[in-house]
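*Asks:* For reference, this is model-v5.tsv, and it has TSV, C-alpha atoms.
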```tsv
chain	number	residue	atom	x	y	z
K	189	MET	CA	17.80	-32.75	17.50
K	190	LEU	CA	14.43	-32.02	15.94
K	191	PRO	CA	14.15	-32.74	12.20
K	192	PRO	CA	15.38	-29.38	10.82
K	193	THR	CA	13.46	-29.31	7.54
K	194	GLN	CA	10.14	-29.82	9.36
K	195	ARG	CA	10.68	-26.35	10.80
K	196	LEU	CA	10.96	-24.88	7.28
K	197	PRO	CA	8.21	-26.37	5.11
K	198	GLN	CA	7.81	-23.14	3.11
K	199	ALA	CA	11.48	-23.10	2.12
K	200	ARG	CA	11.16	-26.24	0.02
K	201	GLU	CA	8.00	-24.89	-1.64
K	202	LEU	CA	9.80	-21.68	-2.61
K	203	ILE	CA	12.79	-23.61	-3.96
K	204	GLU	CA	10.52	-25.80	-6.09
K	205	MET	CA	8.99	-22.57	-7.48
K	206	ASP	CA	12.50	-21.22	-8.33
K	207	ARG	CA	12.10	-18.27	-5.96
K	208	TYR	CA	14.66	-16.11	-4.16
K	209	PHE	CA	13.82	-15.53	-0.49
K	210	VAL	CA	15.07	-14.41	2.93
K	211	LEU	CA	15.28	-16.68	5.98
K	212	HIS	CA	15.88	-14.77	9.18
K	213	ALA	CA	15.90	-15.65	12.87
K	214	PRO	CA	17.89	-14.74	15.99
K	215	ARG	CA	21.24	-16.39	16.64
K	216	GLN	CA	21.31	-19.96	17.94
K	217	THR	CA	17.87	-20.91	16.67
K	218	GLY	CA	18.94	-23.56	14.16
K	219	LYS	CA	19.06	-21.63	10.85
K	220	THR	CA	22.41	-23.04	9.75
K	221	THR	CA	21.52	-26.59	10.80
K	222	ALA	CA	18.16	-26.44	9.02
K	223	LEU	CA	19.61	-25.08	5.78
K	224	GLY	CA	22.54	-27.49	5.83
K	225	THR	CA	20.18	-30.44	6.21
K	226	LEU	CA	17.87	-29.10	3.50
K	227	ALA	CA	20.83	-28.66	1.13
K	228	SER	CA	21.94	-32.26	1.73
K	229	GLU	CA	18.41	-33.60	1.15
K	230	LEU	CA	17.97	-31.64	-2.09
K	231	THR	CA	21.34	-32.77	-3.45
K	232	ALA	CA	20.66	-36.41	-2.55
K	233	GLU	CA	17.43	-36.36	-4.59
K	234	GLY	CA	19.48	-36.19	-7.79
K	235	ASP	CA	18.17	-33.32	-9.94
K	236	THR	CA	19.47	-30.42	-7.81
K	237	VAL	CA	22.83	-29.47	-6.36
K	238	ALA	CA	22.22	-27.34	-3.27
K	239	LEU	CA	25.02	-25.59	-1.41
K	240	MET	CA	25.12	-23.64	1.82
K	241	PHE	CA	28.17	-21.46	2.41
K	242	SER	CA	28.97	-18.74	4.93
K	243	CYS	CA	29.56	-15.07	4.15
K	244	GLU	CA	31.02	-14.45	7.60
K	245	ARG	CA	34.65	-14.12	6.53
K	246	ALA	CA	33.70	-11.33	4.11
K	247	LYS	CA	32.97	-9.03	7.06
K	248	SER	CA	36.64	-8.04	7.12
K	249	ALA	CA	36.29	-6.60	3.59
K	250	GLY	CA	33.99	-3.80	4.74
K	251	ASP	CA	33.11	-1.58	1.76
K	252	ASP	CA	35.81	-3.18	-0.43
K	253	TYR	CA	33.45	-5.14	-2.69
K	254	ALA	CA	36.31	-6.58	-4.77
K	255	ALA	CA	37.81	-8.15	-1.65
K	256	ALA	CA	34.37	-9.35	-0.55
K	257	GLU	CA	33.89	-11.11	-3.91
K	258	THR	CA	37.25	-12.87	-3.56
K	259	ILE	CA	36.45	-14.05	-0.03
K	260	LEU	CA	32.94	-15.25	-0.94
K	261	LEU	CA	34.13	-17.19	-3.99
K	262	LYS	CA	36.83	-18.85	-1.86
K	263	SER	CA	34.24	-19.77	0.78
K	264	LEU	CA	31.90	-21.13	-1.90
K	265	ARG	CA	34.64	-23.31	-3.44
K	266	GLN	CA	35.72	-24.58	-0.02
K	267	ALA	CA	32.13	-25.55	0.80
K	268	THR	CA	31.84	-27.58	-2.42
K	269	GLU	CA	35.11	-29.37	-1.64
K	270	TRP	CA	33.88	-30.27	1.85
K	271	ALA	CA	30.63	-31.57	0.38
K	272	GLY	CA	32.52	-34.37	-1.36
K	273	TRP	CA	30.63	-34.06	-4.67
K	274	PRO	CA	31.71	-35.79	-7.88
K	275	GLU	CA	33.85	-33.80	-10.32
K	276	GLU	CA	31.03	-32.88	-12.70
K	277	LEU	CA	29.16	-30.99	-9.97
K	278	LEU	CA	32.09	-28.85	-8.81
K	279	PRO	CA	32.42	-25.19	-9.88
K	280	PRO	CA	35.00	-24.14	-12.49
K	281	ASP	CA	38.62	-23.92	-11.37
K	282	PRO	CA	39.81	-21.25	-11.80
K	283	TRP	CA	36.86	-18.90	-11.75
K	284	PRO	CA	36.34	-16.92	-14.98
K	285	GLU	CA	38.08	-13.53	-15.28
K	286	ALA	CA	35.72	-10.58	-14.79
K	287	PRO	CA	35.92	-6.95	-13.57
K	288	ALA	CA	35.48	-6.23	-9.87
K	289	GLY	CA	31.82	-5.84	-9.07
K	290	THR	CA	30.81	-8.55	-11.56
K	291	ARG	CA	33.03	-11.49	-10.54
K	292	PHE	CA	30.54	-13.12	-8.20
K	293	GLY	CA	27.71	-13.14	-10.73
K	294	SER	CA	30.00	-14.22	-13.57
K	295	ALA	CA	31.30	-17.11	-11.47
K	296	LEU	CA	27.78	-18.33	-10.70
K	297	THR	CA	26.80	-18.04	-14.37
K	298	GLU	CA	29.77	-20.14	-15.48
K	299	TRP	CA	29.13	-22.77	-12.81
K	300	CYS	CA	25.45	-23.05	-13.77
K	301	HIS	CA	26.41	-23.26	-17.45
K	302	ARG	CA	28.62	-26.29	-16.75
K	303	SER	CA	26.47	-28.02	-14.13
K	304	PRO	CA	24.28	-30.96	-15.24
K	305	ARG	CA	21.85	-30.09	-12.42
K	306	ARG	CA	19.96	-26.99	-11.30
K	307	ILE	CA	21.85	-25.06	-8.61
K	308	VAL	CA	20.36	-23.76	-5.35
K	309	LEU	CA	22.40	-21.49	-3.06
K	310	PHE	CA	21.99	-20.68	0.65
K	311	LEU	CA	24.07	-17.63	1.64
K	312	ASP	CA	24.44	-18.05	5.40
K	313	GLU	CA	25.49	-15.12	7.64
K	314	ILE	CA	24.62	-12.68	4.84
K	315	ASP	CA	24.54	-9.97	7.54
K	316	ALA	CA	28.35	-10.04	7.57
K	317	LEU	CA	28.45	-8.09	4.31
K	318	GLN	CA	28.86	-4.37	4.87
K	319	GLY	CA	27.72	-1.33	2.90
K	320	ASN	CA	28.98	-1.35	-0.69
K	321	SER	CA	29.92	-5.03	-0.47
K	322	MET	CA	26.35	-5.99	0.43
K	323	VAL	CA	24.88	-3.80	-2.32
K	324	SER	CA	27.32	-5.22	-4.90
K	325	ILE	CA	26.65	-8.89	-4.11
K	326	LEU	CA	22.88	-8.50	-3.89
K	327	SER	CA	22.83	-6.42	-7.08
K	328	GLN	CA	24.68	-9.19	-8.92
K	329	LEU	CA	22.16	-11.71	-7.63
K	330	ARG	CA	19.36	-9.45	-8.87
K	331	ASP	CA	20.94	-9.08	-12.31
K	332	GLY	CA	21.39	-12.85	-12.66
K	333	HIS	CA	17.86	-13.51	-11.41
K	334	ASN	CA	16.33	-11.06	-13.89
K	335	ALA	CA	18.37	-12.40	-16.83
K	336	ARG	CA	17.21	-16.01	-16.36
K	337	PRO	CA	14.15	-15.67	-18.68
K	338	GLY	CA	16.54	-14.59	-21.45
K	339	GLY	CA	18.51	-17.79	-21.14
K	340	ARG	CA	21.37	-16.78	-18.82
K	341	PRO	CA	22.36	-19.73	-16.61
K	342	PHE	CA	22.04	-18.75	-12.96
K	343	PRO	CA	21.02	-20.39	-9.65
K	344	THR	CA	17.36	-21.32	-9.81
K	345	SER	CA	16.78	-20.42	-6.16
K	346	VAL	CA	18.73	-18.39	-3.60
K	347	ALA	CA	18.10	-17.94	0.13
K	348	LEU	CA	19.67	-15.08	2.08
K	349	CYS	CA	20.05	-16.33	5.63
K	350	GLY	CA	20.82	-14.12	8.61
K	351	LEU	CA	19.54	-12.21	11.61
K	352	ARG	CA	17.78	-9.49	9.72
K	353	ASP	CA	14.56	-9.23	7.81
K	354	LEU	CA	14.37	-7.70	4.35
K	355	ARG	CA	13.60	-4.19	5.63
K	356	ASP	CA	16.82	-4.09	7.61
K	357	TYR	CA	18.95	-5.14	4.63
K	358	LYS	CA	17.69	-1.97	2.98
K	359	VAL	CA	18.69	0.09	6.01
K	360	ALA	CA	22.11	-1.59	6.21
K	361	SER	CA	22.90	-0.69	2.61
K	362	GLY	CA	21.72	2.91	2.93
K	363	GLY	CA	18.27	2.45	1.39
K	364	ASP	CA	14.81	3.55	2.48
K	365	PRO	CA	13.01	0.60	4.11
K	366	GLY	CA	9.60	2.00	3.30
K	367	ARG	CA	10.16	2.66	-0.38
K	368	THR	CA	10.11	0.24	-3.32
K	369	ASN	CA	12.75	0.98	-5.94
K	370	PRO	CA	12.63	-1.10	-9.16
K	371	ALA	CA	16.43	-0.94	-9.33
K	372	SER	CA	16.83	-2.07	-5.72
K	373	PRO	CA	18.82	-5.27	-5.14
K	374	PHE	CA	15.97	-6.38	-2.89
K	375	ASN	CA	13.04	-6.25	-5.31
K	376	ILE	CA	13.45	-9.88	-6.46
K	377	ILE	CA	12.78	-11.39	-3.01
K	378	ALA	CA	9.56	-13.41	-3.12
K	379	LYS	CA	9.12	-13.99	0.61
K	380	SER	CA	10.70	-13.49	4.00
K	381	LEU	CA	10.57	-16.51	6.31
K	382	ARG	CA	11.24	-16.42	10.05
K	383	LEU	CA	12.42	-19.56	11.80
K	384	GLY	CA	10.25	-19.84	14.91
K	385	ASP	CA	10.93	-21.01	18.45
K	386	PHE	CA	10.00	-24.44	19.81
K	387	THR	CA	6.52	-25.23	21.06
K	388	THR	CA	5.97	-27.14	24.31
K	389	ASP	CA	5.34	-30.31	22.29
K	390	GLU	CA	8.59	-29.83	20.37
K	391	ILE	CA	10.53	-29.40	23.62
K	392	ALA	CA	8.94	-32.61	24.90
K	393	GLU	CA	9.87	-34.37	21.64
K	394	LEU	CA	13.47	-33.13	21.90
K	395	TYR	CA	13.86	-34.16	25.52
K	396	ASP	CA	12.20	-37.52	24.81
K	397	GLN	CA	15.08	-38.31	22.47
K	398	HIS	CA	17.40	-37.96	25.46
K	399	THR	CA	15.09	-40.24	27.44
K	400	GLN	CA	15.11	-42.87	24.68
K	401	ALA	CA	18.91	-42.75	24.50
K	402	THR	CA	19.68	-42.75	28.25
K	403	GLY	CA	16.52	-43.68	30.16
K	404	GLN	CA	16.60	-40.37	32.05
K	405	GLU	CA	13.22	-38.67	32.05
K	406	PHE	CA	11.97	-35.09	32.37
K	407	THR	CA	8.72	-34.66	34.29
K	408	LYS	CA	5.89	-32.93	32.41
K	409	ASP	CA	6.11	-30.05	34.90
K	410	ALA	CA	9.84	-29.71	34.13
K	411	VAL	CA	9.12	-29.48	30.39
K	412	ASP	CA	6.40	-26.91	31.02
K	413	ARG	CA	8.79	-24.93	33.22
K	414	VAL	CA	11.46	-24.96	30.50
K	415	PHE	CA	8.93	-23.54	28.05
K	416	GLU	CA	7.83	-20.93	30.58
K	417	LEU	CA	11.41	-19.76	31.18
K	418	THR	CA	12.58	-19.87	27.55
K	419	GLN	CA	9.39	-19.43	25.49
K	420	GLY	CA	10.92	-22.11	23.25
K	421	GLN	CA	14.16	-20.25	22.36
K	422	PRO	CA	16.17	-23.21	20.96
K	423	TRP	CA	19.56	-22.36	22.46
K	424	LEU	CA	18.07	-21.88	25.92
K	425	VAL	CA	16.02	-25.09	25.66
K	426	ASN	CA	19.19	-27.06	24.92
K	427	ALA	CA	21.37	-25.11	27.37
K	428	LEU	CA	19.04	-25.75	30.32
K	429	ALA	CA	18.97	-29.49	29.61
K	430	ASN	CA	22.74	-29.56	29.16
K	431	GLU	CA	23.25	-27.69	32.44
K	432	VAL	CA	21.11	-30.22	34.34
K	433	VAL	CA	22.48	-33.36	32.73
K	434	VAL	CA	26.16	-32.52	32.10
K	435	ASP	CA	27.17	-29.77	34.51
K	436	MET	CA	24.88	-30.49	37.48
K	437	LYS	CA	25.20	-34.24	36.82
K	438	VAL	CA	21.62	-35.03	37.82
K	439	SER	CA	21.19	-38.78	37.48
K	440	GLY	CA	17.51	-39.40	38.19
K	441	THR	CA	14.29	-37.92	36.82
K	442	ILE	CA	14.65	-34.18	36.16
K	443	ASN	CA	12.14	-31.93	37.95
K	444	THR	CA	11.22	-28.23	38.02
K	445	ALA	CA	13.51	-27.41	40.97
K	446	GLN	CA	16.51	-28.64	39.00
K	447	VAL	CA	15.41	-26.65	35.95
K	448	ASP	CA	15.19	-23.51	38.10
K	449	GLU	CA	18.66	-24.16	39.51
K	450	ALA	CA	20.00	-24.64	35.97
K	451	LYS	CA	18.46	-21.31	34.97
K	452	GLU	CA	20.24	-19.52	37.83
K	453	ARG	CA	23.55	-21.17	36.96
K	454	LEU	CA	23.22	-20.16	33.30
K	455	ILE	CA	22.49	-16.55	34.18
K	456	ARG	CA	25.36	-16.33	36.67
K	457	ALA	CA	27.78	-17.92	34.22
K	458	ARG	CA	26.65	-15.55	31.44
K	459	ALA	CA	27.28	-18.13	28.71
K	460	THR	CA	28.50	-16.95	25.30
K	461	HIS	CA	25.00	-16.69	23.85
K	462	LEU	CA	23.80	-14.52	26.74
K	463	ASP	CA	26.91	-12.36	26.58
K	464	ALA	CA	26.27	-11.79	22.87
K	465	LEU	CA	22.80	-10.49	23.72
K	466	VAL	CA	24.24	-8.20	26.37
K	467	ALA	CA	26.69	-6.78	23.83
K	468	ARG	CA	23.72	-5.74	21.69
K	469	LEU	CA	22.49	-3.46	24.49
K	470	ARG	CA	25.32	-1.06	23.63
K	471	GLU	CA	23.75	-0.36	20.25
K	472	PRO	CA	21.71	2.88	20.45
K	473	ARG	CA	18.81	1.49	18.38
K	474	VAL	CA	18.56	-1.52	20.73
K	475	GLU	CA	18.84	0.57	23.88
K	476	ARG	CA	16.05	2.95	22.82
K	477	VAL	CA	13.66	-0.02	22.51
K	478	ILE	CA	14.75	-2.15	25.48
K	479	GLU	CA	15.19	0.47	28.21
K	480	PRO	CA	11.61	1.84	28.07
K	481	ILE	CA	10.25	-1.72	28.24
K	482	LEU	CA	12.24	-2.57	31.35
K	483	ALA	CA	11.74	0.81	33.01
K	484	GLY	CA	8.02	1.02	32.26
K	485	MET	CA	8.49	4.30	30.41
K	486	TRP	CA	6.92	5.62	27.22
K	487	PRO	CA	9.52	5.33	24.44
K	488	ASP	CA	10.72	8.29	22.42
K	489	MET	CA	9.04	7.43	19.13
K	490	ASP	CA	9.99	9.01	15.82
K	491	THR	CA	9.83	7.80	12.21
K	492	SER	CA	12.65	5.29	12.74
K	493	PHE	CA	11.22	3.67	15.88
K	494	ASP	CA	9.27	0.97	13.98
K	495	ASP	CA	12.45	-0.05	12.14
K	496	ASP	CA	14.32	-0.24	15.46
K	497	VAL	CA	11.56	-2.42	16.94
K	498	SER	CA	11.72	-4.77	13.93
K	499	TYR	CA	15.51	-4.95	14.29
K	500	VAL	CA	15.33	-5.79	18.02
K	501	HIS	CA	12.67	-8.41	17.26
K	502	ASP	CA	14.92	-9.96	14.59
K	503	LEU	CA	17.69	-10.16	17.20
K	504	GLY	CA	15.31	-12.20	19.35
K	505	LEU	CA	15.29	-9.77	22.27
K	506	ILE	CA	11.55	-9.03	22.18
K	507	ARG	CA	8.60	-11.36	21.60
K	508	GLY	CA	6.63	-9.35	19.06
K	509	ILE	CA	6.52	-5.99	17.34
K	510	ARG	CA	3.08	-4.87	18.57
K	511	ASP	CA	3.00	-5.68	22.29
K	512	LEU	CA	6.57	-4.84	23.30
K	513	GLU	CA	7.73	-7.49	25.75
K	514	ILE	CA	11.11	-9.10	26.46
K	515	ALA	CA	11.31	-12.43	24.61
K	516	ASN	CA	11.44	-14.70	27.68
K	517	PRO	CA	11.99	-14.60	31.46
K	518	VAL	CA	15.64	-15.67	31.18
K	519	TYR	CA	16.49	-12.81	28.83
K	520	ARG	CA	14.48	-10.40	30.98
K	521	GLU	CA	16.47	-11.32	34.08
K	522	VAL	CA	19.81	-11.11	32.26
K	523	LEU	CA	19.00	-7.71	30.76
K	524	LEU	CA	17.73	-6.33	34.07
K	525	ARG	CA	20.84	-7.48	35.90
K	526	VAL	CA	23.12	-5.97	33.25
K	527	LEU	CA	21.29	-2.65	32.93
K	528	GLY	CA	21.02	-2.33	36.71
K	529	ALA	CA	24.65	-3.21	37.41
K	530	ARG	CA	25.94	0.38	37.15
K	531	THR	CA	23.31	1.65	39.60
K	532	GLU	CA	23.82	-1.30	41.93
K	533	ARG	CA	27.46	-0.32	42.50
K	534	PHE	CA	26.29	2.81	44.31
K	535	VAL	CA	23.78	1.06	46.57
K	536	LYS	CA	25.45	0.99	49.99
K	537	ALA	CA	22.82	-0.98	51.92
K	538	ASP	CA	23.51	-4.65	52.60
K	539	PRO	CA	20.82	-6.65	50.72
K	540	HIS	CA	20.74	-9.21	53.55
K	541	SER	CA	19.62	-6.48	55.97
K	542	PHE	CA	16.21	-6.58	54.23
K	543	VAL	CA	15.68	-10.25	55.12
K	544	LEU	CA	13.82	-11.06	58.34
K	545	PRO	CA	15.11	-13.81	60.70
K	546	ASP	CA	12.47	-16.23	59.38
K	547	GLY	CA	13.67	-15.69	55.76
K	548	ARG	CA	10.81	-13.42	54.64
K	549	PHE	CA	11.45	-10.17	52.78
K	550	ASP	CA	11.24	-7.06	55.00
K	551	LEU	CA	9.04	-5.01	52.69
K	552	PRO	CA	8.10	-2.32	55.29
K	553	ARG	CA	11.78	-1.51	55.85
K	554	LEU	CA	12.40	-1.35	52.11
K	555	LEU	CA	9.55	1.15	51.72
K	556	ARG	CA	10.84	3.30	54.60
K	557	GLU	CA	14.33	3.34	53.11
K	558	PHE	CA	12.92	4.19	49.69
K	559	VAL	CA	10.99	7.19	51.10
K	560	VAL	CA	14.25	8.51	52.59
K	561	PHE	CA	16.00	8.07	49.25
K	562	TRP	CA	13.15	9.70	47.34
K	563	ARG	CA	13.08	12.75	49.62
K	564	GLU	CA	16.81	13.20	49.24
```
Output the structure of this file as structure tokens.
*Replies:*
Amino acid sequence: MLPPTQRLPQARELIEMDRYFVLHAPRQTGKTTALGTLASELTAEGDTVALMFSCERAKSAGDDYAAAETILLKSLRQATEWAGWPEELLPPDPWPEAPAGTRFGSALTEWCHRSPRRIVLFLDEIDALQGNSMVSILSQLRDGHNARPGGRPFPTSVALCGLRDLRDYKVASGGDPGRTNPASPFNIIAKSLRLGDFTTDEIAELYDQHTQATGQEFTKDAVDRVFELTQGQPWLVNALANEVVVDMKVSGTINTAQVDEAKERLIRARATHLDALVARLREPRVERVIEPILAGMWPDMDTSFDDDVSYVHDLGLIRGIRDLEIANPVYREVLLRVLGARTERFVKADPHSFVLPDGRFDLPRLLREFVVFWRE
């Protein structure tokens, strides 16, 4: 594993400046690991108590913000119990009584009032909050943030961690992404950080740890091929290595041919991570960005298209927001296979009939067959 906090140098700077910020990145890129490690490091230093807890269970609350508050406060308390902190650092038990819609902020105020250290919170999977629940929680964070200069105890720094960038939180809660509202629950955010993919050197560093532990090496060409196929997407980088070492049981030096075989096996198996990406294709705002890229068509652009592009980029499906391109060759192949599956069912020709006896592709026959199809 690469040192997680080295991938987030700006996060520590923002925390030291008592800022509230967003950290976003696609799934399986190391957000939770990085924040968990950073929280442990900050707490171990002695003047801060830093806690990461997940908002994922609050998804079931939907618009019921009172239920969402109850779930979040339970998750927060559970996370502190698992952290194994001394009694003086733990939050109050029970939480203070407060009306629905203010309980979360009141609980944080009371905890900060009692704590001998400054408190930093990382709200992981913040995307799980829906509609009114998201607006309520973020509004309470805003109110506490803005009341700090007047002496109200409140977390000195908060990070909202999820898939989406700040603009999409506004969309998710019914707001206008292009408009700044002074009463918006989002106007306190100082910065939005995006956790990036691995570089070739970082892949080499990661794989070298395996070499140091086992003696098994990756050739330089194999490392370069992994980067070419994955463009550094952390889950894919790890999954390819795991496929070669664990599932294919390669015992000697790992080369490019074995990496290519691992790629094919991953795509055929449609691992959980890849299936999760495929599920996103059913979302209309994802489909209207992805299909034109794969089909080579001009997209139907209206005022919401830029927001849809940003959303698809945050999901990790495309590489950038200017030059629209699928994030990496593995994703491109998976998406093409999935989107083409419905059409493929109606193709009656045997694919092997387009292969010549010497193994070459019979392109002339393909073109003749295509002309027949096109005329029909």
*Asks:* Do you know which residues are at most 10 Å from Thr344 of chain K counting only C-alpha atoms, after dropping those on the same chain fewer than 2 positions away, and could you put them as a ChimeraX atom specification?
*Replies:* /K:203-208,236,300,306-309,332-333,336,341-342,346
*Asks:* With only C-alpha atoms as the atoms that count, which of K:Gln404, K:Ser242, K:Thr441, K:Gln194 lies nearest to Ala267 of chain K?
*Replies:* K:Ser242
*Asks:* For a test of reading the model, state the distance in Å between atom CA of Val474 of chain K and atom CA of Leu503 of chain K, rounded to one decimal.
*Replies:*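 Pair atom CA of Val474 of chain K / atom CA of Leu503 of chain K returns 9.4 Å.
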*Asks:* Please determine, counting all atoms listed in the file, which residue among K:Lys536, K:Arg302, K:Arg507, K:Lys408 has the shortest atom-to-atom distance to Thr444 of chain K.
*Replies:*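 Of K:Lys536, K:Arg302, K:Arg507, K:Lys408, the one nearest Thr444 of chain K, counting all atoms listed in the file, is K:Lys408.
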*Asks:* Need the shell around Glu229 of chain K: protein/DNA/RNA residues with any atom at most 12 Å away, counting all atoms listed in the file. Skip same-chain ones fewer than 4 positions apart. Format as a PyMOL selection string?
*Replies:* chain K and resi 191-193+200+222-225+233-239+308
*Asks:* Write out as a count of residues only each polymer residue whose atoms come within 12 Å of Val535 of chain K, counting only C-alpha atoms; drop sequence neighbours fewer than 4 positions from it.
*Replies:* 8
*Asks:* Could you check which of K:His501, K:Arg470, K:Arg476, K:Lys219 is closest to Met489 of chain K, using all atoms listed in the file?
*Replies:*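 Selected residue with least distance to Met489 of chain K: K:Arg476.
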*Asks:* Write out as a list in words the residues lying within 12 Å of Ala467 of chain K, counting all atoms listed in the file and excluding same-chain residues fewer than 4 positions away.
*Replies:*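 In the requested form, the answer reads Arg458, Thr460, His461, Leu462, Asp463, Glu471, Pro472, Val474, Glu475, Leu503, Leu505, Val522, Leu523, Val526 and Leu527 of chain K.
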*Asks:* Output as a JSON list (two decimals), in the frame of the given file: segment 215-237 of chain K, completed with N, CA and C atoms.
*Replies:*
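The resulting file, result14.json, is reproduced below:
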```json
[["chain", "number", "residue", "atom", "x", "y", "z"],
["K", 215, "ARG", "N", 20.12, -15.44, 16.55],
["K", 215, "ARG", "CA", 21.24, -16.39, 16.64],
["K", 215, "ARG", "C", 20.84, -17.61, 17.49],
["K", 216, "GLN", "N", 21.48, -18.72, 17.17],
["K", 216, "GLN", "CA", 21.31, -19.96, 17.94],
["K", 216, "GLN", "C", 19.87, -20.46, 17.93],
["K", 217, "THR", "N", 19.22, -20.36, 16.78],
["K", 217, "THR", "CA", 17.87, -20.91, 16.67],
["K", 217, "THR", "C", 17.81, -22.09, 15.71],
["K", 218, "GLY", "N", 18.91, -22.39, 15.04],
["K", 218, "GLY", "CA", 18.94, -23.56, 14.16],
["K", 218, "GLY", "C", 18.89, -23.24, 12.68],
["K", 219, "LYS", "N", 19.12, -21.99, 12.28],
["K", 219, "LYS", "CA", 19.06, -21.63, 10.85],
["K", 219, "LYS", "C", 20.09, -22.42, 10.04],
["K", 220, "THR", "N", 21.34, -22.39, 10.50],
["K", 220, "THR", "CA", 22.41, -23.04, 9.75],
["K", 220, "THR", "C", 22.19, -24.54, 9.67],
["K", 221, "THR", "N", 21.78, -25.14, 10.79],
["K", 221, "THR", "CA", 21.52, -26.59, 10.80],
["K", 221, "THR", "C", 20.39, -26.95, 9.85],
["K", 222, "ALA", "N", 19.32, -26.16, 9.88],
["K", 222, "ALA", "CA", 18.16, -26.44, 9.02],
["K", 222, "ALA", "C", 18.53, -26.33, 7.54],
["K", 223, "LEU", "N", 19.24, -25.27, 7.18],
["K", 223, "LEU", "CA", 19.61, -25.08, 5.78],
["K", 223, "LEU", "C", 20.62, -26.12, 5.32],
["K", 224, "GLY", "N", 21.57, -26.46, 6.19],
["K", 224, "GLY", "CA", 22.54, -27.49, 5.83],
["K", 224, "GLY", "C", 21.88, -28.83, 5.56],
["K", 225, "THR", "N", 20.92, -29.20, 6.40],
["K", 225, "THR", "CA", 20.18, -30.44, 6.21],
["K", 225, "THR", "C", 19.35, -30.39, 4.94],
["K", 226, "LEU", "N", 18.68, -29.25, 4.70],
["K", 226, "LEU", "CA", 17.87, -29.10, 3.50],
["K", 226, "LEU", "C", 18.74, -29.20, 2.25],
["K", 227, "ALA", "N", 19.92, -28.59, 2.28],
["K", 227, "ALA", "CA", 20.83, -28.66, 1.13],
["K", 227, "ALA", "C", 21.24, -30.11, 0.86],
["K", 228, "SER", "N", 21.54, -30.86, 1.91],
["K", 228, "SER", "CA", 21.94, -32.26, 1.73],
["K", 228, "SER", "C", 20.80, -33.09, 1.15],
["K", 229, "GLU", "N", 19.58, -32.85, 1.64],
["K", 229, "GLU", "CA", 18.41, -33.60, 1.15],
["K", 229, "GLU", "C", 18.16, -33.29, -0.32],
["K", 230, "LEU", "N", 18.22, -32.02, -0.70],
["K", 230, "LEU", "CA", 17.97, -31.64, -2.09],
["K", 230, "LEU", "C", 19.01, -32.26, -3.03],
["K", 231, "THR", "N", 20.27, -32.22, -2.61],
["K", 231, "THR", "CA", 21.34, -32.77, -3.45],
["K", 231, "THR", "C", 21.20, -34.28, -3.60],
["K", 232, "ALA", "N", 20.81, -34.95, -2.52],
["K", 232, "ALA", "CA", 20.66, -36.41, -2.55],
["K", 232, "ALA", "C", 19.53, -36.86, -3.47],
["K", 233, "GLU", "N", 18.57, -35.98, -3.75],
["K", 233, "GLU", "CA", 17.43, -36.36, -4.59],
["K", 233, "GLU", "C", 17.80, -36.48, -6.07],
["K", 234, "GLY", "N", 18.93, -35.88, -6.48],
["K", 234, "GLY", "CA", 19.48, -36.19, -7.79],
["K", 234, "GLY", "C", 19.31, -35.17, -8.90],
["K", 235, "ASP", "N", 18.32, -34.27, -8.84],
["K", 235, "ASP", "CA", 18.17, -33.32, -9.94],
["K", 235, "ASP", "C", 18.61, -31.91, -9.55],
["K", 236, "THR", "N", 19.05, -31.73, -8.31],
["K", 236, "THR", "CA", 19.47, -30.42, -7.81],
["K", 236, "THR", "C", 20.81, -30.57, -7.11],
["K", 237, "VAL", "N", 21.65, -29.55, -7.21],
["K", 237, "VAL", "CA", 22.83, -29.47, -6.36],
["K", 237, "VAL", "C", 22.64, -28.22, -5.50]]
```
